[in-house]
Structures are given as structure tokens and as C-alpha cells.
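Peer 1: My structure is in data29.tsv, and what it holds is TSV, C-alpha atoms and all ligand atoms:
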chain	number	residue	atom	x	y	z
A	1377	MET	CA	-26.92	-16.89	-26.07
A	1378	ALA	CA	-29.38	-14.23	-24.95
A	1379	MET	CA	-27.84	-10.90	-23.98
A	1380	THR	CA	-28.99	-11.20	-20.34
A	1381	ASP	CA	-27.35	-14.67	-20.08
A	1382	LEU	CA	-24.14	-13.32	-21.60
A	1383	PHE	CA	-24.19	-10.47	-19.08
A	1384	ASP	CA	-24.71	-12.91	-16.17
A	1385	ALA	CA	-21.86	-15.10	-17.46
A	1386	LEU	CA	-19.43	-12.17	-17.76
A	1387	GLN	CA	-20.34	-10.43	-14.49
A	1388	PRO	CA	-18.10	-12.55	-12.18
A	1389	MET	CA	-15.13	-11.96	-14.50
A	1390	ALA	CA	-15.85	-8.24	-14.71
A	1391	GLU	CA	-15.69	-8.02	-10.91
A	1392	LEU	CA	-12.25	-9.67	-10.89
A	1393	ALA	CA	-10.80	-7.80	-13.87
A	1394	PRO	CA	-8.36	-5.02	-12.94
A	1395	CYS	CA	-9.74	-1.61	-13.97
A	1396	PHE	CA	-8.13	1.80	-14.42
A	1397	LEU	CA	-9.48	4.52	-12.09
A	1398	ALA	CA	-7.30	7.09	-13.88
A	1399	PRO	CA	-4.45	6.82	-16.40
A	1400	GLY	CA	-1.76	4.74	-14.65
A	1401	LEU	CA	-3.95	4.02	-11.61
A	1402	LEU	CA	-4.99	0.37	-11.68
A	1403	LEU	CA	-7.32	-1.26	-9.15
A	1404	ALA	CA	-7.25	-5.08	-8.94
A	1405	ARG	CA	-10.15	-5.85	-6.60
A	1406	GLY	CA	-9.88	-9.20	-4.82
A	1407	PHE	CA	-6.42	-9.92	-6.25
A	1408	PHE	CA	-5.75	-12.02	-3.14
A	1409	ASP	CA	-8.45	-14.55	-2.20
A	1410	ALA	CA	-9.31	-15.28	1.46
A	1411	GLU	CA	-6.70	-18.05	1.70
A	1412	ALA	CA	-3.87	-15.91	0.29
A	1413	GLN	CA	-4.88	-13.00	2.56
A	1414	LYS	CA	-4.53	-15.28	5.60
A	1415	ARG	CA	-1.09	-16.48	4.50
A	1416	LEU	CA	0.14	-12.97	3.75
A	1417	ALA	CA	-1.28	-11.57	7.02
A	1418	ALA	CA	0.51	-14.32	8.97
A	1419	GLU	CA	3.79	-13.46	7.21
A	1420	ILE	CA	3.38	-9.78	8.05
A	1421	LEU	CA	2.58	-10.53	11.70
A	1422	ALA	CA	5.80	-12.61	11.84
A	1423	ILE	CA	7.69	-9.66	10.32
A	1424	THR	CA	6.37	-7.35	13.06
A	1425	THR	CA	7.84	-9.71	15.67
A	1426	ARG	CA	11.31	-9.35	14.14
A	1427	SER	CA	10.85	-5.68	13.10
A	1428	PRO	CA	8.34	-4.16	15.56
A	1429	LEU	CA	5.78	-1.56	14.50
A	1430	TYR	CA	6.96	1.85	15.67
A	1431	VAL	CA	5.38	5.30	15.83
A	1432	PRO	CA	6.73	7.47	13.01
A	1433	ARG	CA	7.06	11.22	13.68
A	1434	MET	CA	6.66	14.28	11.50
A	1435	PRO	CA	9.87	15.98	10.39
A	1436	ARG	CA	10.70	19.16	12.38
A	1437	SER	CA	7.65	19.09	14.71
A	1438	GLY	CA	8.19	15.52	15.92
A	1439	LYS	CA	4.39	15.12	16.05
A	1440	PRO	CA	3.46	11.40	16.02
A	1441	LEU	CA	1.57	9.95	13.04
A	1442	SER	CA	-1.54	7.89	13.83
A	1443	VAL	CA	-0.39	5.10	11.49
A	1444	LYS	CA	2.21	2.69	12.93
A	1445	MET	CA	4.93	1.45	10.58
A	1446	THR	CA	7.61	-1.09	9.89
A	1447	ASN	CA	9.22	-2.34	6.66
A	1448	CYS	CA	10.60	-5.31	4.84
A	1449	GLY	CA	12.94	-5.39	1.85
A	1450	THR	CA	16.49	-4.10	1.46
A	1451	LEU	CA	15.42	-0.51	2.20
A	1452	GLY	CA	12.70	0.83	4.49
A	1453	TRP	CA	10.95	4.20	4.55
A	1454	VAL	CA	11.29	5.98	7.88
A	1455	SER	CA	10.03	9.31	9.17
A	1456	ASP	CA	11.33	11.07	12.27
A	1457	ILE	CA	12.15	14.56	13.48
A	1458	ASP	CA	15.10	14.73	11.04
A	1459	GLY	CA	13.01	13.98	7.93
A	1460	TYR	CA	11.86	11.26	5.57
A	1461	ARG	CA	14.36	8.79	4.14
A	1462	TYR	CA	15.04	5.19	3.12
A	1463	GLN	CA	17.46	3.16	5.21
A	1464	PRO	CA	18.56	-0.50	5.40
A	1465	ARG	CA	17.88	-0.94	9.15
A	1466	HIS	CA	15.03	-0.60	11.65
A	1467	PRO	CA	15.25	2.81	13.37
A	1468	GLU	CA	14.76	1.36	16.88
A	1469	THR	CA	16.35	-2.11	16.81
A	1470	GLY	CA	19.15	-1.28	14.33
A	1471	GLU	CA	18.52	-4.66	12.67
A	1472	PRO	CA	18.24	-5.17	8.89
A	1473	TRP	CA	14.69	-5.50	7.51
A	1474	ALA	CA	13.23	-8.97	6.77
A	1475	PRO	CA	12.80	-10.15	3.15
A	1476	ILE	CA	9.61	-9.18	1.29
A	1477	PRO	CA	7.05	-12.06	1.46
A	1478	ALA	CA	6.67	-14.14	-1.73
A	1479	LEU	CA	2.95	-13.30	-2.08
A	1480	ALA	CA	3.73	-9.58	-2.12
A	1481	MET	CA	6.47	-10.22	-4.71
A	1482	GLN	CA	3.87	-12.07	-6.80
A	1483	ALA	CA	1.57	-9.02	-6.85
A	1484	TRP	CA	4.52	-6.86	-7.99
A	1485	ARG	CA	5.47	-9.35	-10.75
A	1486	GLU	CA	1.95	-9.72	-12.06
A	1487	LEU	CA	0.78	-6.12	-11.83
A	1488	SER	CA	3.69	-3.64	-11.82
A	1489	GLY	CA	4.92	-4.17	-15.37
A	1490	ASP	CA	8.41	-3.48	-13.98
A	1491	PRO	CA	11.16	-6.04	-14.69
A	1492	LEU	CA	13.16	-5.17	-11.56
A	1493	THR	CA	12.51	-6.40	-8.05
A	1494	PRO	CA	11.03	-4.00	-5.45
A	1495	GLN	CA	13.56	-2.63	-2.92
A	1496	ALA	CA	11.18	-1.42	-0.23
A	1497	CYS	CA	7.97	-2.71	1.29
A	1498	LEU	CA	6.49	-0.24	3.77
A	1499	VAL	CA	4.06	-1.83	6.22
A	1500	ASN	CA	1.42	0.61	7.51
A	1501	PHE	CA	-0.84	-0.44	10.38
A	1502	TYR	CA	-4.12	1.44	10.92
A	1503	GLY	CA	-6.05	1.11	14.17
A	1504	ALA	CA	-9.70	2.19	14.24
A	1505	SER	CA	-8.95	5.92	14.33
A	1506	ALA	CA	-5.77	6.10	12.22
A	1507	ARG	CA	-5.67	8.17	9.04
A	1508	LEU	CA	-3.10	9.43	6.55
A	1509	GLY	CA	-3.31	12.98	5.23
A	1510	LEU	CA	-3.12	13.88	1.55
A	1511	HIS	CA	0.50	13.59	0.32
A	1512	GLN	CA	2.72	12.62	-2.61
A	1513	ASP	CA	5.21	9.73	-2.54
A	1514	SER	CA	8.28	11.63	-3.71
A	1515	ASP	CA	11.14	10.37	-1.52
A	1516	GLU	CA	12.22	7.78	-4.09
A	1517	GLY	CA	15.12	8.48	-6.46
A	1518	ASP	CA	13.30	6.91	-9.39
A	1519	PHE	CA	9.68	7.54	-10.36
A	1520	SER	CA	9.78	5.33	-13.46
A	1521	ALA	CA	8.61	2.29	-11.47
A	1522	PRO	CA	5.08	2.22	-10.05
A	1523	VAL	CA	4.06	1.82	-6.41
A	1524	VAL	CA	2.06	-1.37	-5.70
A	1525	SER	CA	-0.26	-1.20	-2.69
A	1526	ILE	CA	-1.85	-4.23	-1.00
A	1527	SER	CA	-4.76	-3.86	1.47
A	1528	LEU	CA	-5.38	-6.38	4.28
A	1529	GLY	CA	-7.96	-6.35	7.08
A	1530	ASP	CA	-10.56	-3.64	7.62
A	1531	SER	CA	-11.73	-1.64	4.61
A	1532	ALA	CA	-10.44	1.90	4.10
A	1533	LEU	CA	-11.69	5.00	2.32
A	1534	PHE	CA	-8.79	5.95	0.05
A	1535	ARG	CA	-8.65	9.45	-1.49
A	1536	TYR	CA	-6.69	10.43	-4.60
A	1537	GLY	CA	-6.48	13.55	-6.69
A	1538	GLY	CA	-4.09	14.99	-9.23
A	1539	LEU	CA	-0.54	16.28	-9.42
A	1540	ARG	CA	-1.38	19.47	-7.50
A	1541	ARG	CA	-2.55	19.45	-3.89
A	1542	ASN	CA	-5.65	21.48	-4.75
A	1543	ASP	CA	-6.76	19.33	-7.70
A	1544	PRO	CA	-10.20	17.74	-7.23
A	1545	THR	CA	-10.15	14.39	-5.43
A	1546	ARG	CA	-12.14	11.18	-5.61
A	1547	ARG	CA	-12.71	8.51	-3.03
A	1548	VAL	CA	-12.62	4.74	-3.40
A	1549	LYS	CA	-13.17	2.00	-0.81
A	1550	LEU	CA	-10.31	-0.48	-0.58
A	1551	ASP	CA	-11.16	-3.90	0.84
A	1552	SER	CA	-8.96	-6.71	2.15
A	1553	GLY	CA	-7.25	-8.44	-0.78
A	1554	ASP	CA	-7.45	-5.42	-3.11
A	1555	VAL	CA	-4.26	-4.26	-4.85
A	1556	ILE	CA	-3.73	-0.86	-6.47
A	1557	VAL	CA	-0.90	0.09	-8.80
A	1558	LEU	CA	0.13	3.73	-9.15
A	1559	GLY	CA	2.34	4.30	-12.09
A	1560	GLY	CA	2.94	6.35	-15.20
A	1561	PRO	CA	0.97	9.62	-15.09
A	1562	SER	CA	-0.45	8.69	-11.64
A	1563	ARG	CA	2.89	7.96	-9.95
A	1564	LEU	CA	2.99	11.36	-8.24
A	1565	VAL	CA	-0.70	11.99	-7.59
A	1566	PHE	CA	-1.75	13.27	-4.17
A	1567	HIS	CA	-3.41	10.57	-2.09
A	1568	GLY	CA	-4.30	9.63	1.48
A	1569	VAL	CA	-6.51	7.51	3.70
A	1570	ASP	CA	-9.56	9.37	5.09
A	1571	ARG	CA	-10.45	6.64	7.55
A	1572	ILE	CA	-10.81	2.94	7.99
A	1573	ILE	CA	-14.16	1.23	8.55
A	1574	PRO	CA	-13.76	-0.79	11.78
A	1575	GLY	CA	-15.31	-4.24	11.98
A	1576	THR	CA	-15.37	-4.89	8.22
A	1577	SER	CA	-12.86	-7.77	8.35
A	1578	ASP	CA	-11.80	-10.42	10.86
A	1579	LEU	CA	-8.49	-11.13	9.11
A	1580	LEU	CA	-6.31	-9.40	11.71
A	1581	PRO	CA	-6.45	-10.39	15.38
A	1582	GLY	CA	-7.83	-7.32	17.14
A	1583	GLY	CA	-8.99	-5.74	13.88
A	1584	GLY	CA	-7.44	-2.85	12.00
A	1585	ARG	CA	-5.90	-2.54	8.55
A	1586	ILE	CA	-2.49	-3.29	7.11
A	1587	ASN	CA	-1.32	-1.70	3.88
A	1588	LEU	CA	1.84	-2.83	2.11
A	1589	THR	CA	3.45	-0.50	-0.44
A	1590	LEU	CA	6.12	-1.98	-2.68
A	1591	ARG	CA	8.54	0.43	-4.33
A	1592	ARG	CA	11.72	0.90	-6.28
A	1593	VAL	CA	13.85	3.45	-4.45
A	1594	THR	CA	17.04	3.96	-6.48
A	1595	LYS	CA	17.71	4.33	-10.19
A	1596	PRO	CA	19.03	1.08	-11.72
A	1597	ARG	CA	22.63	1.47	-12.81
A	1601	LIG	C1	-0.78	7.16	-5.05
A	1601	LIG	N1	-0.24	4.52	2.00
A	1601	LIG	O1	2.38	4.59	2.50
A	1601	LIG	S1	-1.51	3.09	-0.35
A	1601	LIG	C2	1.93	5.47	1.76
A	1601	LIG	O2	-3.24	2.81	2.41
A	1601	LIG	C3	0.47	5.50	1.49
A	1601	LIG	O3	-1.49	2.97	3.67
A	1601	LIG	C4	-1.68	4.48	1.91
A	1601	LIG	O4	0.02	6.39	0.86
A	1601	LIG	C5	-2.17	3.33	2.71
A	1601	LIG	O5	2.63	6.33	1.23
A	1601	LIG	C6	-2.15	4.42	0.52
A	1601	LIG	C7	-1.85	3.63	-1.94
A	1601	LIG	C8	-0.84	4.50	-2.57
A	1601	LIG	C9	0.50	4.27	-2.41
A	1601	LIG	C10	1.42	4.98	-3.13
A	1601	LIG	C11	1.01	5.95	-4.03
A	1601	LIG	C12	-1.26	5.47	-3.42
A	1601	LIG	C13	-0.35	6.21	-4.15
A	1601	LIG	C14	1.91	6.67	-4.84
A	1601	LIG	C15	1.46	7.58	-5.75
A	1601	LIG	C16	0.11	7.83	-5.85
A	1602	FE	FE	1.61	7.48	-0.06
Would you kindly transcribe this structure into C-alpha cells?
Ligand code: MD3
Ligand code: FE
Peer 2:
Amino acid sequence: MAMTDLFDALQPMAELAPCFLAPGLLLARGFFDAEAQKRLAAEILAITTRSPLYVPRMPRSGKPLSVKMTNCGTLGWVSDIDGYRYQPRHPETGEPWAPIPALAMQAWRELSGDPLTPQACLVNFYGASARLGLHQDSDEGDFSAPVVSISLGDSALFRYGGLRRNDPTRRVKLDSGDVIVLGGPSRLVFHGVDRIIPGTSDLLPGGGRINLTLRRVTKPR
């Protein structure tokens, strides 16, 4: 086979193959096809009926975040004037969180490399002007498991750097169906969402972006 033919034959696979952006930072572009994205989005919309999106607030200041949140799983991440924490119930309804959808569990099984089941699935909803400042995910009691992040809906410009806030950063566009895994030496890297790109997907009624982050929260006994 001529080299150009070989290249053409391998190109579609190369686009689907997960690739490392940094040690421990895996990007699986298009992990969920259009059909799976629709099923997962429908499951998340159903979850927001039972566990409504709420406006999280910054600890101490009480300043509202622009991203709206809810959770599924046995534990959910919440942020309010008292601080950040994981808790088994919705902060406004007092009800337990819904189970994590099977498709999200599948991404964890196939990509995390962790034998345990995720405890928390934070659901972030971004409207056209929502953003998330540079931060570390350090509220978990166990950093040995990775964080698995699933993007649905409008594309987002995701920023990540190093272990110190002032380390140089890079930007990557995350599209609907993309999954990133942050583990090993990248588990505690600073990261954030600069902005979403409105109108890039018609998956969600009314537009916007949903990001699911699956995590282990406690050390296994
Ligand atoms: C890098 N969410 O909820 S997911 C978050 O798109 C969060 O909603 C963003 O950051 C979002 O905390 C980014 C990607 C992500 C998640 C966890 C990480 C990147 C990470 C943990 C360590 C390093
Ligand atoms: Fe984060």
C-alpha cells in the first residue's frame, strides 16, 4: 500500500484514538457518538427535574457562580457561603441524589483505569456567558483516582496548566461527546473554562453546555 493510502486509511482511527495532552491528561475526542450524546443528555435533563440546578455561591463572600450545578451519585459537590464539601443530599430539596447514568459509568469503566465505582457526578450547566475560573479539584479525600469529565452541548474553551497557579497554561476546545481523564501527575493541575462557544451544538434545548465530572471522594477502606 502506498504511504498516502496508508495515511488516509489510518486518519479516521487517529481522530478517534484517545491522546495524552500531558502526562495523566487523556483526551478521548468523540467518545460518545451523536446517538449516545442524545441518550445521555435526556438522562441528565431527567435528573435536573428530580434534583434541580441551583446557583452555587463562593465560600465567605456568598458571590454567585455563573455555572449552575446539580449532582448525581451517592455524594454531590456543593459550594455555599460555608465552604466546599461533598454531601449525600441536594442542598435545596434535601433529597438524595439520583443514580449516575449508565453511559457515564461506561466512560468511567473504559477510561479511568480505576477498579472502583465513582461516588460523585457533578453536573455543571453553562449558559452562553458562564465561565469557571482557574482552580484545582482538591476537596476529595483521595487523589489516587482520576477525574473523568464528559462534555455535552456547546463547545467550550478549556484551560489547563500545572501544579502551581502561575504555571504556564494551554487551551483546548472541548466538543460535545468529548471525554477527558485527569489522573496521575495531572490529577491536581489548575484548570478552568474560559468560555463556551454559543450555537455550536443543538443537543440541548435552549443551547448551552453540560459538563459531568465523575470522581472518587473517599479513600477505600
Ligand atoms: C483538571 N469543571 O467541575 S471539567 C469542575 O468543564 C470543573 O465544567 C470544568 O473543572 C467543566 O471542577 C472542567 C475538566 C476537569 C475536571 C477535573 C479536573 C479538569 C480537571 C481535575 C484535575 C485537573
Ligand atoms: Fe475542576
Peer 1: Using all atoms listed in the file, which protein or nucleic acid residues are at most 9 Å from ligand FE 1602 (chain A), as an MDAnalysis selection string?
Peer 2: chainID A and resid 1508 1510:1514 1523 1566:1569 1589
Peer 1: Counting only C-alpha atoms and all ligand atoms, which residue out of A:Pro1477, A:Gly1517, A:Gly1400, A:Pro1596 sits closest to ligand LIG 1601 (chain A)?
Peer 2: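 Residue with the minimum atom-to-atom distance to ligand LIG 1601 (chain A): A:Gly1400.
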Peer 1: Excluding same-chain residues fewer than 4 positions from Glu1471 of chain A, what lies within 8 Å of it counting all atoms listed in the file, as a list in words?
Peer 2: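 Contacts, in chain order: Ser1427, Arg1465 and His1466 of chain A.
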Peer 1: Atom CA of Leu1558 of chain A to atom CA of Ala1417 of chain A: how many Å, to one decimal?
Peer 2: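 Result for atom CA of Leu1558 of chain A versus atom CA of Ala1417 of chain A: 22.3 Å, one decimal.
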Peer 1: In terms of the shortest atom-to-atom distance over all atoms listed in the file, which of A:Arg1547, A:Lys1414, A:Lys1439, A:Lys1595 is closest to ligand LIG 1601 (chain A)?
Peer 2: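 Of all the options, A:Arg1547 lies closest to ligand LIG 1601 (chain A).
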Peer 1: Could you tell me which of A:Phe1396, A:Phe1519, A:Phe1501, A:Trp1484 comes closest to Ile1420 of chain A if we count all atoms listed in the file?
Peer 2: A:Phe1501
Peer 1: Taking only C-alpha atoms and all ligand atoms into account, report as a short mmCIF file (atom, residue, chain, number, x, y, z; two decimals) with C-alpha atoms, keeping the file's coordinate frame which residues have an atom no farther than 9 Å from an atom of ligand LIG 1601 (chain A).
Peer 2:
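The resulting file, pocket-v5.cif, is shown below:
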data_model
loop_
_atom_site.label_atom_id
_atom_site.label_comp_id
_atom_site.auth_asym_id
_atom_site.auth_seq_id
_atom_site.Cartn_x
_atom_site.Cartn_y
_atom_site.Cartn_z
CA LEU A 1401 -3.95 4.02 -11.61
CA VAL A 1443 -0.39 5.10 11.49
CA TRP A 1453 10.95 4.20 4.55
CA LEU A 1498 6.49 -0.24 3.77
CA VAL A 1499 4.06 -1.83 6.22
CA ASN A 1500 1.42 0.61 7.51
CA PHE A 1501 -0.84 -0.44 10.38
CA TYR A 1502 -4.12 1.44 10.92
CA ARG A 1507 -5.67 8.17 9.04
CA LEU A 1508 -3.10 9.43 6.55
CA GLY A 1509 -3.31 12.98 5.23
CA LEU A 1510 -3.12 13.88 1.55
CA HIS A 1511 0.50 13.59 0.32
CA GLN A 1512 2.72 12.62 -2.61
CA ASP A 1513 5.21 9.73 -2.54
CA SER A 1514 8.28 11.63 -3.71
CA PRO A 1522 5.08 2.22 -10.05
CA VAL A 1523 4.06 1.82 -6.41
CA VAL A 1524 2.06 -1.37 -5.70
CA SER A 1525 -0.26 -1.20 -2.69
CA ILE A 1526 -1.85 -4.23 -1.00
CA SER A 1527 -4.76 -3.86 1.47
CA ALA A 1532 -10.44 1.90 4.10
CA LEU A 1533 -11.69 5.00 2.32
CA PHE A 1534 -8.79 5.95 0.05
CA ARG A 1535 -8.65 9.45 -1.49
CA TYR A 1536 -6.69 10.43 -4.60
CA GLY A 1537 -6.48 13.55 -6.69
CA GLY A 1538 -4.09 14.99 -9.23
CA LEU A 1550 -10.31 -0.48 -0.58
CA VAL A 1555 -4.26 -4.26 -4.85
CA ILE A 1556 -3.73 -0.86 -6.47
CA VAL A 1557 -0.90 0.09 -8.80
CA LEU A 1558 0.13 3.73 -9.15
CA GLY A 1559 2.34 4.30 -12.09
CA SER A 1562 -0.45 8.69 -11.64
CA ARG A 1563 2.89 7.96 -9.95
CA LEU A 1564 2.99 11.36 -8.24
CA VAL A 1565 -0.70 11.99 -7.59
CA PHE A 1566 -1.75 13.27 -4.17
CA HIS A 1567 -3.41 10.57 -2.09
CA GLY A 1568 -4.30 9.63 1.48
CA VAL A 1569 -6.51 7.51 3.70
CA ARG A 1585 -5.90 -2.54 8.55
CA ILE A 1586 -2.49 -3.29 7.11
CA ASN A 1587 -1.32 -1.70 3.88
CA LEU A 1588 1.84 -2.83 2.11
CA THR A 1589 3.45 -0.50 -0.44
CA LEU A 1590 6.12 -1.98 -2.68
CA ARG A 1591 8.54 0.43 -4.33
#
Peer 1: Nearest to Ala1483 of chain A: which of A:Phe1407, A:Gly1584, A:Pro1399, A:Ala1378 is it, counting all atoms listed in the file?
Peer 2: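 Selected residue with least distance to Ala1483 of chain A: A:Phe1407.
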Peer 1: Nearest residue to Trp1473 of chain A out of A:Leu1403, A:Pro1440, A:Gly1449, A:Tyr1460, using only C-alpha atoms?
Peer 2: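 Closest candidate: A:Gly1449.
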Peer 1: Find, counting all atoms listed in the file, the residue in A:Leu1539, A:Gln1463, A:Ala1480, A:Gly1503 that gets nearest to Arg1415 of chain A.
Peer 2: A:Ala1480
